[in-house]
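upload_28.cif follows; it contains mmCIF, C-alpha atoms.
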```
data_query
loop_
_atom_site.label_atom_id
_atom_site.label_comp_id
_atom_site.auth_asym_id
_atom_site.auth_seq_id
_atom_site.Cartn_x
_atom_site.Cartn_y
_atom_site.Cartn_z
CA MET A 1 -27.24 19.51 2.33
CA ASN A 2 -24.97 16.58 3.05
CA PRO A 3 -24.86 13.77 0.47
CA ILE A 4 -26.56 10.49 1.43
CA ILE A 5 -25.88 7.19 -0.35
CA THR A 6 -27.83 4.00 0.19
CA THR A 7 -25.75 0.82 0.13
CA SER A 8 -27.03 -2.74 0.36
CA LYS A 9 -26.37 -2.65 4.14
CA GLY A 10 -27.83 0.77 4.89
CA ALA A 11 -27.59 4.49 4.21
CA VAL A 12 -24.45 6.59 4.76
CA GLU A 13 -24.33 10.35 5.11
CA GLY A 14 -21.13 11.97 3.93
CA ARG A 15 -19.83 15.50 3.74
CA ASN A 16 -19.22 17.76 0.76
CA VAL A 17 -15.87 19.55 0.91
CA ASP A 18 -14.99 21.87 -1.97
CA GLY A 19 -17.05 19.96 -4.50
CA ILE A 20 -15.99 16.48 -3.42
CA ASP A 21 -18.38 14.18 -1.56
CA ARG A 22 -16.49 12.32 1.16
CA PHE A 23 -17.75 9.24 3.01
CA LEU A 24 -15.51 7.99 5.80
CA GLY A 25 -15.43 4.86 7.94
CA ILE A 26 -17.85 2.66 5.99
CA PRO A 27 -17.61 -0.99 7.15
CA TYR A 28 -16.99 -3.54 4.42
CA ALA A 29 -16.83 -6.54 6.79
CA ALA A 30 -17.78 -7.30 10.38
CA PRO A 31 -15.40 -6.42 13.23
CA PRO A 32 -12.74 -9.21 13.24
CA PHE A 33 -12.79 -9.77 16.99
CA GLY A 34 -14.72 -11.94 19.42
CA ALA A 35 -16.25 -14.83 17.51
CA HIS A 36 -14.65 -13.54 14.28
CA ARG A 37 -11.09 -13.26 15.63
CA PHE A 38 -8.42 -14.80 13.33
CA LEU A 39 -11.06 -15.88 10.81
CA ALA A 40 -11.90 -14.83 7.28
CA PRO A 41 -13.80 -11.52 7.04
CA ALA A 42 -17.51 -11.96 7.82
CA PRO A 43 -20.39 -10.01 6.23
CA VAL A 44 -21.44 -6.66 7.68
CA ALA A 45 -24.71 -6.65 9.62
CA PRO A 46 -27.23 -4.24 8.05
CA TRP A 47 -27.93 -1.07 10.01
CA GLU A 48 -31.06 0.99 10.43
CA GLY A 49 -31.30 4.70 9.87
CA VAL A 50 -28.51 6.79 8.37
CA ARG A 51 -24.90 6.06 9.36
CA GLN A 52 -22.65 9.10 9.71
CA GLY A 53 -19.62 9.02 7.41
CA ASP A 54 -17.85 12.09 8.78
CA ALA A 55 -14.89 10.48 10.57
CA PHE A 56 -12.26 7.89 9.75
CA GLY A 57 -12.99 4.45 11.16
CA PRO A 58 -10.98 2.45 13.69
CA THR A 59 -7.52 1.27 12.71
CA ALA A 60 -5.93 -2.16 13.12
CA PRO A 61 -3.95 -2.88 16.32
CA GLN A 62 -0.46 -1.43 16.11
CA ARG A 63 2.23 0.04 18.31
CA VAL A 64 1.30 3.70 18.63
CA GLY A 65 4.05 6.20 17.95
CA VAL A 66 6.17 4.12 15.60
CA ALA A 67 7.34 6.22 12.67
CA SER A 68 6.08 4.75 9.41
CA GLY A 69 8.97 3.18 7.52
CA GLY A 70 11.43 4.88 9.87
CA LEU A 71 10.85 8.22 8.17
CA PRO A 72 11.55 11.40 10.12
CA THR A 73 8.61 12.52 12.29
CA VAL A 74 5.89 10.79 10.26
CA ILE A 75 3.47 9.30 12.78
CA GLU A 76 0.57 7.16 11.59
CA PRO A 77 -2.79 8.33 13.01
CA THR A 78 -4.68 5.64 14.90
CA VAL A 79 -8.36 5.42 15.79
CA ALA A 80 -9.61 3.20 18.62
CA GLY A 81 -12.36 0.64 18.10
CA ASP A 82 -13.10 -2.87 16.88
CA ASP A 83 -14.79 -2.05 13.56
CA ILE A 84 -11.41 -1.93 11.78
CA LEU A 85 -12.48 -3.39 8.43
CA ASN A 86 -13.66 -0.11 6.98
CA LEU A 87 -13.06 2.10 3.98
CA ASN A 88 -13.44 5.66 2.73
CA VAL A 89 -14.80 7.07 -0.51
CA TRP A 90 -14.14 10.37 -2.28
CA THR A 91 -16.33 11.09 -5.31
CA PRO A 92 -17.01 14.25 -7.35
CA ALA A 93 -20.28 15.97 -6.54
CA GLY A 94 -22.59 16.35 -9.51
CA ARG A 95 -21.25 13.20 -11.15
CA GLU A 96 -23.34 12.14 -14.15
CA VAL A 97 -21.63 9.11 -15.71
CA PRO A 98 -19.94 6.11 -14.06
CA LEU A 99 -16.37 7.07 -13.24
CA PRO A 100 -13.22 4.92 -13.06
CA VAL A 101 -12.34 3.79 -9.55
CA LEU A 102 -8.99 3.92 -7.73
CA VAL A 103 -8.62 1.67 -4.65
CA TRP A 104 -5.72 2.55 -2.34
CA ILE A 105 -4.01 0.04 0.00
CA HIS A 106 -1.73 1.79 2.49
CA GLY A 107 1.75 0.64 3.42
CA GLY A 108 3.43 0.24 6.78
CA GLY A 109 5.43 -2.97 6.58
CA PHE A 110 2.37 -5.13 7.36
CA PHE A 111 2.72 -4.04 10.99
CA GLU A 112 1.27 -0.51 11.01
CA GLY A 113 -0.51 2.08 8.93
CA SER A 114 -3.85 3.77 8.51
CA SER A 115 -6.11 5.06 5.76
CA ALA A 116 -6.56 8.14 7.99
CA ASN A 117 -3.05 9.32 7.12
CA PRO A 118 -3.54 12.81 5.61
CA TRP A 119 -0.97 12.03 2.93
CA TYR A 120 -3.60 9.66 1.48
CA ASP A 121 -6.51 12.11 1.19
CA GLY A 122 -8.26 11.23 -2.08
CA ALA A 123 -9.83 14.59 -2.91
CA ALA A 124 -7.26 15.64 -5.51
CA PHE A 125 -7.60 12.33 -7.38
CA ALA A 126 -11.39 12.78 -7.27
CA ARG A 127 -10.96 16.16 -8.96
CA GLN A 128 -9.28 14.23 -11.77
CA GLY A 129 -12.62 12.50 -12.40
CA LEU A 130 -12.02 9.38 -10.30
CA VAL A 131 -13.90 7.72 -7.48
CA VAL A 132 -11.28 7.02 -4.80
CA VAL A 133 -11.50 4.31 -2.13
CA SER A 134 -8.97 3.80 0.67
CA ILE A 135 -9.14 0.83 3.01
CA ASN A 136 -8.09 -0.35 6.45
CA TYR A 137 -7.21 -4.02 6.91
CA ARG A 138 -5.65 -6.46 9.36
CA PHE A 139 -1.89 -6.66 9.56
CA GLY A 140 0.58 -7.95 12.12
CA ALA A 141 -0.54 -11.01 14.05
CA GLU A 142 -4.21 -10.30 13.39
CA GLY A 143 -3.66 -10.50 9.63
CA PHE A 144 -0.74 -12.87 9.12
CA LEU A 145 0.10 -14.98 12.20
CA GLU A 146 0.08 -18.62 11.09
CA LEU A 147 -2.28 -20.55 13.40
CA GLU A 148 -3.75 -24.01 13.42
CA GLY A 149 -7.49 -23.71 12.93
CA ALA A 150 -7.30 -20.30 11.26
CA PRO A 151 -7.03 -19.38 7.57
CA SER A 152 -3.72 -18.07 6.31
CA ASN A 153 -3.50 -14.61 4.78
CA ARG A 154 -6.39 -13.01 6.62
CA GLY A 155 -5.04 -9.61 5.59
CA LEU A 156 -5.17 -10.68 1.94
CA LEU A 157 -8.74 -11.90 2.47
CA ASP A 158 -9.55 -8.44 3.82
CA TRP A 159 -8.22 -6.84 0.61
CA VAL A 160 -10.40 -9.17 -1.42
CA ALA A 161 -13.42 -8.38 0.76
CA ALA A 162 -12.84 -4.65 0.26
CA LEU A 163 -12.56 -5.12 -3.51
CA THR A 164 -15.74 -7.19 -3.43
CA TRP A 165 -17.48 -4.32 -1.61
CA VAL A 166 -16.26 -1.98 -4.35
CA HIS A 167 -17.58 -4.34 -7.01
CA ASP A 168 -20.99 -4.55 -5.33
CA GLU A 169 -21.48 -1.03 -3.96
CA ILE A 170 -19.37 1.54 -5.79
CA ALA A 171 -21.96 2.24 -8.50
CA ALA A 172 -24.09 4.00 -5.87
CA PHE A 173 -21.17 6.41 -5.34
CA GLY A 174 -20.79 7.10 -9.07
CA GLY A 175 -18.07 4.54 -9.74
CA ASP A 176 -17.81 2.00 -12.54
CA PRO A 177 -17.18 -1.46 -11.03
CA SER A 178 -15.77 -2.69 -14.35
CA ARG A 179 -13.02 -0.03 -14.31
CA VAL A 180 -11.26 -0.53 -10.98
CA THR A 181 -7.54 0.08 -10.50
CA VAL A 182 -5.95 -1.14 -7.28
CA MET A 183 -2.92 0.82 -6.07
CA GLY A 184 -0.56 0.46 -3.12
CA GLN A 185 2.81 1.69 -1.92
CA SER A 186 5.48 -0.22 0.00
CA ALA A 187 3.61 -2.98 1.89
CA GLY A 188 0.50 -1.76 0.07
CA GLY A 189 2.27 -2.31 -3.24
CA MET A 190 3.30 -5.77 -2.04
CA ALA A 191 -0.39 -6.33 -1.31
CA VAL A 192 -1.20 -5.45 -4.91
CA SER A 193 1.47 -7.86 -6.17
CA ALA A 194 -0.14 -10.59 -4.04
CA LEU A 195 -3.57 -9.72 -5.46
CA LEU A 196 -2.20 -10.19 -8.98
CA ALA A 197 -1.53 -13.82 -8.02
CA ALA A 198 -4.56 -14.43 -5.77
CA PRO A 199 -7.33 -16.53 -7.38
CA ALA A 200 -10.02 -14.88 -5.23
CA ALA A 201 -9.15 -11.45 -6.62
CA ARG A 202 -9.68 -12.39 -10.26
CA GLY A 203 -12.19 -10.15 -11.97
CA LEU A 204 -12.23 -7.58 -9.15
CA PHE A 205 -9.82 -5.08 -10.74
CA LEU A 206 -8.83 -4.08 -14.24
CA ARG A 207 -5.45 -2.41 -13.68
CA ALA A 208 -2.77 -2.24 -10.99
CA ILE A 209 -0.28 0.33 -9.69
CA LEU A 210 2.63 -0.94 -7.60
CA ALA A 211 4.74 1.74 -5.93
CA SER A 212 7.95 0.76 -4.12
CA ALA A 213 7.05 -2.92 -3.98
CA VAL A 214 7.67 -6.12 -6.01
CA SER A 215 10.42 -7.56 -3.85
CA ASP A 216 11.60 -11.07 -3.11
CA VAL A 217 10.79 -10.38 0.56
CA SER A 218 7.19 -9.40 -0.22
CA ILE A 219 5.87 -12.85 0.72
CA TRP A 220 6.90 -15.73 2.98
CA SER A 221 6.88 -19.47 2.71
CA THR A 222 4.72 -21.32 5.21
CA VAL A 223 7.91 -22.65 6.82
CA ALA A 224 9.24 -19.14 7.46
CA ALA A 225 5.86 -17.86 8.60
CA ARG A 226 5.41 -20.72 11.06
CA LYS A 227 8.91 -20.14 12.42
CA VAL A 228 7.96 -16.57 13.30
CA ALA A 229 4.60 -17.69 14.65
CA ASP A 230 6.26 -20.32 16.87
CA ALA A 231 8.57 -17.67 18.31
CA VAL A 232 5.70 -15.25 18.99
CA VAL A 233 3.41 -17.79 20.69
CA ALA A 234 6.35 -19.12 22.70
CA GLU A 235 6.91 -15.61 24.02
CA LEU A 236 3.24 -15.58 25.04
CA GLY A 237 3.34 -19.10 26.47
CA ILE A 238 0.49 -20.48 24.37
CA PRO A 239 0.13 -23.15 21.68
CA ARG A 240 0.00 -22.04 18.05
CA THR A 241 -3.76 -22.51 17.71
CA ARG A 242 -6.58 -20.20 16.86
CA ASP A 243 -8.45 -20.94 20.10
CA ALA A 244 -5.44 -20.11 22.26
CA ALA A 245 -4.53 -16.99 20.30
CA ALA A 246 -8.09 -15.66 20.31
CA ALA A 247 -7.98 -15.47 24.11
CA ILE A 248 -4.94 -13.14 24.05
CA ASP A 249 -5.29 -9.37 23.95
CA PRO A 250 -4.08 -7.87 20.64
CA ALA A 251 -1.69 -5.58 22.51
CA ALA A 252 0.11 -8.62 23.92
CA PHE A 253 0.83 -9.83 20.39
CA LEU A 254 2.32 -6.44 19.53
CA GLU A 255 4.69 -6.62 22.47
CA ALA A 256 5.57 -10.28 21.90
CA HIS A 257 6.47 -9.68 18.31
CA ALA A 258 8.59 -6.67 19.23
CA VAL A 259 10.59 -8.92 21.55
CA VAL A 260 10.98 -11.61 18.86
CA LEU A 261 12.00 -9.08 16.24
CA ALA A 262 14.59 -7.46 18.50
CA ALA A 263 16.06 -10.86 19.37
CA ALA A 264 16.31 -11.82 15.69
CA GLN A 265 18.00 -8.55 14.80
CA ALA A 266 20.46 -8.93 17.69
CA GLN A 267 21.46 -12.30 16.24
CA GLY A 268 21.94 -10.80 12.80
CA GLU A 269 18.73 -12.30 11.44
CA PRO A 270 16.41 -9.34 10.91
CA ILE A 271 12.89 -10.28 9.89
CA MET A 272 12.09 -8.02 6.95
CA PRO A 273 9.28 -7.35 6.64
CA PRO A 274 8.12 -8.48 10.09
CA TRP A 275 4.89 -9.83 8.60
CA ALA A 276 3.93 -10.61 5.03
CA PRO A 277 1.50 -12.62 2.90
CA VAL A 278 2.18 -16.36 2.99
CA VAL A 279 2.36 -18.79 0.07
CA ASP A 280 -0.33 -21.11 1.37
CA GLY A 281 -1.19 -22.84 -1.93
CA GLU A 282 -4.80 -21.65 -1.80
CA ASN A 283 -5.28 -17.95 -1.11
CA LEU A 284 -1.81 -17.23 -2.49
CA PRO A 285 -0.28 -19.90 -4.77
CA GLY A 286 3.11 -18.22 -5.21
CA SER A 287 5.11 -15.02 -5.44
CA VAL A 288 4.44 -12.45 -8.12
CA PHE A 289 7.49 -13.86 -9.94
CA ASP A 290 6.34 -17.48 -9.65
CA THR A 291 2.85 -16.61 -10.90
CA ILE A 292 3.75 -13.96 -13.46
CA GLU A 293 1.23 -15.31 -15.96
CA ALA A 294 -1.64 -15.15 -13.47
CA GLY A 295 -1.83 -11.36 -13.74
CA ALA A 296 -0.55 -11.13 -17.30
CA ASP A 297 -3.85 -9.77 -18.60
CA ILE A 298 -3.76 -6.80 -16.19
CA PRO A 299 -1.94 -3.60 -17.29
CA VAL A 300 0.52 -2.47 -14.63
CA LEU A 301 2.17 0.80 -13.66
CA VAL A 302 5.20 0.04 -11.49
CA GLY A 303 8.08 2.01 -10.00
CA SER A 304 9.99 3.20 -6.96
CA THR A 305 11.95 6.15 -5.66
CA SER A 306 15.60 6.37 -6.65
CA ASN A 307 17.04 5.94 -3.18
CA GLU A 308 14.29 4.30 -1.07
CA PHE A 309 15.68 3.31 2.37
CA ALA A 310 19.23 4.14 1.33
CA TRP A 311 18.72 7.40 3.24
CA MET A 312 19.73 5.49 6.39
CA ALA A 313 23.16 4.74 4.93
CA TYR A 314 23.56 8.32 3.70
CA ARG A 315 22.57 9.68 7.13
CA ASP A 316 24.88 7.37 9.07
CA ASN A 317 27.87 7.65 6.70
CA PRO A 318 27.85 11.22 5.37
CA ASP A 319 31.51 11.16 4.42
CA ASP A 320 31.98 7.50 3.52
CA THR A 321 31.19 7.08 -0.16
CA ALA A 322 31.78 3.31 -0.14
CA LYS A 323 29.30 2.72 2.70
CA ARG A 324 26.74 5.04 1.12
CA ASP A 325 27.05 3.16 -2.16
CA GLU A 326 26.70 -0.14 -0.29
CA GLY A 327 23.50 1.13 1.32
CA GLN A 328 22.16 2.15 -2.08
CA ARG A 329 22.89 -1.31 -3.53
CA LEU A 330 21.37 -3.10 -0.54
CA PHE A 331 18.28 -1.07 0.28
CA ALA A 332 17.28 0.79 -2.88
CA ASP A 333 18.59 -1.45 -5.63
CA GLY A 334 18.43 -4.86 -3.95
CA PHE A 335 14.97 -4.57 -2.41
CA PHE A 336 13.27 -2.28 -4.93
CA ARG A 337 14.82 -1.12 -8.18
CA VAL A 338 16.33 -4.41 -9.41
CA PRO A 339 13.29 -6.56 -8.50
CA ILE A 340 11.06 -4.04 -10.31
CA GLN A 341 13.29 -4.35 -13.36
CA ARG A 342 13.05 -8.16 -13.17
CA PHE A 343 9.27 -7.94 -12.80
CA ALA A 344 8.92 -5.72 -15.87
CA GLU A 345 11.21 -7.99 -17.89
CA ALA A 346 9.28 -11.09 -16.83
CA ARG A 347 5.98 -9.56 -17.90
CA VAL A 348 7.42 -8.63 -21.28
CA ALA A 349 8.78 -12.17 -21.66
CA VAL A 350 5.32 -13.75 -21.24
CA GLY A 351 3.61 -11.23 -23.52
CA ALA A 352 1.67 -9.59 -20.69
CA ALA A 353 -0.54 -6.54 -20.96
CA PRO A 354 1.41 -3.26 -21.06
CA THR A 355 3.78 -2.61 -18.18
CA PHE A 356 4.66 1.03 -17.64
CA ARG A 357 7.71 1.75 -15.54
CA TYR A 358 8.63 4.91 -13.65
CA GLU A 359 11.09 6.15 -11.04
CA PHE A 360 10.68 9.09 -8.69
CA ALA A 361 14.03 10.88 -8.79
CA TRP A 362 13.34 14.28 -7.20
CA GLN A 363 15.64 14.92 -4.23
CA SER A 364 14.37 16.11 -0.86
CA GLN A 365 15.44 19.60 0.12
CA ALA A 366 14.99 18.95 3.84
CA ALA A 367 18.30 17.17 4.47
CA PRO A 368 21.04 15.94 2.13
CA TYR A 369 20.81 12.33 3.32
CA ILE A 370 17.10 11.86 2.46
CA ARG A 371 17.54 12.23 -1.30
CA ALA A 372 14.72 10.48 -3.24
CA GLY A 373 13.77 8.46 -0.19
CA HIS A 374 11.06 5.93 0.56
CA SER A 375 7.55 7.44 0.57
CA LEU A 376 8.72 10.87 -0.62
CA ASP A 377 6.63 10.33 -3.75
CA ILE A 378 3.30 9.72 -1.99
CA PRO A 379 2.18 13.34 -1.49
CA PHE A 380 3.21 14.05 -5.08
CA PHE A 381 0.99 11.43 -6.71
CA PHE A 382 -1.80 12.14 -4.20
CA HIS A 383 -1.14 15.87 -4.73
CA ASN A 384 -1.15 16.56 -0.99
CA LEU A 385 2.00 18.66 -0.72
CA ASP A 386 0.53 20.67 2.18
CA ALA A 387 -0.17 17.55 4.28
CA PRO A 388 1.14 17.48 7.87
CA TYR A 389 4.76 16.37 8.34
CA PHE A 390 5.56 16.49 4.64
CA ALA A 391 7.58 19.69 4.82
CA ASP A 392 9.84 17.99 7.39
CA TYR A 393 10.61 15.28 4.86
CA ALA A 394 10.58 17.16 1.55
CA GLY A 395 11.76 20.62 2.58
CA PRO A 396 10.07 23.93 1.73
CA ASN A 397 8.18 24.57 -1.48
CA PRO A 398 8.17 21.14 -3.16
CA PRO A 399 7.48 21.61 -6.89
CA VAL A 400 3.74 21.77 -7.53
CA ALA A 401 4.31 21.19 -11.25
CA LEU A 402 5.83 17.79 -10.44
CA ALA A 403 2.75 16.86 -8.39
CA ASP A 404 0.55 18.01 -11.28
CA GLU A 405 2.52 15.83 -13.67
CA MET A 406 2.80 12.74 -11.50
CA GLN A 407 -0.81 12.68 -10.39
CA GLY A 408 -1.92 13.41 -13.94
CA ALA A 409 0.01 10.40 -15.22
CA PHE A 410 -1.38 8.09 -12.53
CA ALA A 411 -4.94 9.34 -13.13
CA ALA A 412 -4.55 8.86 -16.90
CA PHE A 413 -3.49 5.26 -16.29
CA VAL A 414 -6.57 4.69 -14.11
CA ARG A 415 -8.85 6.26 -16.73
CA ASP A 416 -7.36 4.94 -19.95
CA GLY A 417 -4.54 2.50 -19.15
CA ASP A 418 -1.91 4.87 -20.57
CA PRO A 419 0.12 7.19 -18.28
CA GLY A 420 1.66 9.03 -21.22
CA TRP A 421 4.89 7.23 -22.16
CA ALA A 422 5.80 4.01 -23.96
CA PRO A 423 5.33 0.65 -22.23
CA TYR A 424 8.41 -1.16 -21.00
CA GLY A 425 9.68 -3.43 -23.76
CA GLU A 426 12.44 -3.45 -26.32
CA GLY A 427 13.12 0.24 -25.66
CA ARG A 428 13.13 -0.35 -21.88
CA ALA A 429 11.42 3.00 -21.31
CA VAL A 430 11.33 4.47 -17.80
CA ARG A 431 9.66 7.74 -16.86
CA LEU A 432 11.83 9.63 -14.37
CA PHE A 433 9.72 12.03 -12.33
CA ASP A 434 11.96 14.96 -11.46
CA ASP A 435 12.14 18.71 -11.90
CA PRO A 436 12.09 18.52 -14.88
CA SER A 437 10.90 14.99 -15.70
CA TRP A 438 12.10 12.96 -18.64
CA VAL A 439 11.93 9.51 -20.25
CA GLY A 440 15.05 7.35 -20.07
CA THR A 441 16.02 3.69 -19.96
CA ASP A 442 17.50 1.17 -17.52
CA ALA A 443 20.93 2.47 -18.42
CA ASP A 444 19.97 5.93 -17.14
CA LEU A 445 19.09 4.38 -13.78
CA GLY A 446 22.51 2.82 -13.42
CA LEU A 447 20.99 -0.66 -13.51
CA PRO A 448 22.21 -3.58 -15.64
CA ALA A 449 20.81 -3.68 -19.18
#
```
Show me, as structure tokens, the structure contained in the file I just sent.
Amino acid sequence: MNPIITTSKGAVEGRNVDGIDRFLGIPYAAPPFGAHRFLAPAPVAPWEGVRQGDAFGPTAPQRVGVASGGLPTVIEPTVAGDDILNLNVWTPAGREVPLPVLVWIHGGGFFEGSSANPWYDGAAFARQGLVVVSINYRFGAEGFLELEGAPSNRGLLDWVAALTWVHDEIAAFGGDPSRVTVMGQSAGGMAVSALLAAPAARGLFLRAILASAVSDVSIWSTVAARKVADAVVAELGIPRTRDAAAAIDPAAFLEAHAVVLAAAQAQGEPIMPPWAPVVDGENLPGSVFDTIEAGADIPVLVGSTSNEFAWMAYRDNPDDTAKRDEGQRLFADGFFRVPIQRFAEARVAVGAAPTFRYEFAWQSQAAPYIRAGHSLDIPFFFHNLDAPYFADYAGPNPPVALADEMQGAFAAFVRDGDPGWAPYGEGRAVRLFDDPSWVGTDADLGLPA
């Protein structure tokens, strides 16, 4: 018999797969189109009968076929439809006590991505005794285009709405709303850093995991955001107002922004990331560095891969050591590893709750230029090593013991706030996930002490 859960909006029928109850495509807010276009998320209308939760819900508008993060052959799955503000739940069958909750926010540069990506399947985390939630949200123009007459940071408001749904509804799925950890990678990790500073998110999560995030480019000023918005609406030939934008098909925004981005890159002014949360003084008062004390009471697990996007420099300059090193400094160290170090140091300086630091150092066996590249760690901490496309990126037979160890550490942090090594502090401890793994310091990462 399929599991059925009754939420405050109606009943949902899931599916049991190997002892895990899975509920897919549950709406947490109304479809953000029509009268709701470019506005804050609106409440879900109650439904009658039993809603089927056997398929992933619609995904936000995006350019189909764009490889996520530029990684080889990894294509984000997309699902058509307007009901894009939806989420998925994995929970152990036969659960008896309220379980800690892990909420996943996917990456994709704030211009693509999907909770339907098989790398993000939550079943293995659920077998660790967690209730897992993954969400879809607005990105691109729908989530972050600055418009007169529309709230800033609609994507951020979606994250808050999803966390509010978790707070209100997750007990019915066996979760403990007082023990929620929010986790994201890349743009998803930047989303978590924004939530640490967002007043509306206070009290909605207990702990945070930031993977390959915490960068100075993770948010924009209103001046920068309006500059991009002006360029996009000019390409469309409309004023920068909510009324004018709401009359334009979402696909037209995707094409307009592609033109603007290409023009900026041709002039040597790449927009990275193409969209991002905006410091609007209300929904987001500042960057994670400017507001370090706002999330000081929240324990954090933070880290990156060793080489991140440096794989592009290694691929393009296989025999030029100087250019490869320059790519490492620019992409991996400049955008990820050094900002993460600064973030950990800043939290220690203000006496924040424990900050645990890690780095994923295992090298891909698929091609010598990939190394410990961006997103290589995801199927390890989700323990989905057999997921589609992963063998193309990791090579054959990735070490299962490393997935056991990494997911075990992340799950322990969600359960107890302790992944199994010392917090970052005077000893500057860093867990290096490798084969084998070990605990080192900043000096072992080649970063300044």
* **Expansion of the PyMOL selection byres ((chain A and resi 355-360) around 8) into residues, as a ChimeraX atom specification** => /A:299-306,344,347-348,352-354,361-362,372,377,419,421-424,429-434
* Applied to this file, what does the PyMOL selection byres ((chain A and resi 281) around 12) return in terms of residues, put as JSON, numbers by chain? -> {"A": [151, 152, 153, 197, 198, 199, 220, 221, 222, 277, 278, 279, 280, 282, 283, 284, 285, 286, 287, 291]}
* To do: Excluding A:Asp386 and any residue of its chain fewer than 3 positions from it, enumerate the residues within 10 Å of it, using all atoms listed in the file, and give them as an MDAnalysis selection string.
  => chainID A and resid 118:119 379 383 389:391 397:398
* Asked: If we count only C-alpha atoms, what is near A:Val103 at a cut-off of 6 Å, once residues fewer than 6 positions away on the same chain are taken out, given as an MDAnalysis selection string?
  -> chainID A and resid 132:134 182:183
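Of the residues listed (A:Gly334, A:Ala211, A:Pro368, A:Ile340), A:Pro368 shows the shortest atom-to-atom separation from A:Asp316; distances use only C-alpha atoms.
Computed from the coordinates, the atom CA of A:Ala409 to atom CA of A:Gly373 distance equals 20.5 Å.
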* Please work out which residues fall within 10 Å of (3.0, 16.4, -12.0), coordinates as given in the file, with only C-alpha atoms counting, and return them as a PyMOL selection string. => chain A and resi 380-381+383+399-410+433-437
* To do: Please write as number ranges by chain the full residue list that the PyMOL selection byres ((chain A and resi 106) around 7) yields on this file.
  => A: 104-105, 107-108, 113-115, 184-185, 188
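Atom CA of A:Phe253 lies 6.6 Å from atom CA of A:Ala141.
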* Contacts of A:Asn317 within 12 Å, only C-alpha atoms, excl. fewer than 4 positions in-chain, as a list of chain:residue names -> A:Ala310, A:Trp311, A:Met312, A:Ala313, A:Thr321, A:Ala322, A:Lys323, A:Arg324, A:Asp325, A:Glu326, A:Gly327, A:Gln328, A:Pro368, A:Tyr369
* Excluding A:Glu269 and any residue of its chain fewer than 6 positions from it, enumerate the residues within 12 Å of it, using all atoms listed in the file, and give them as a VMD selection string. => chain A and resid 228 260 to 263
* Asked: From the set A:Glu13, A:Asp243, A:Glu148, A:Asp297, which residue has the shortest atom-to-atom contact distance to A:Arg226, counting all atoms listed in the file?
  -> A:Glu148
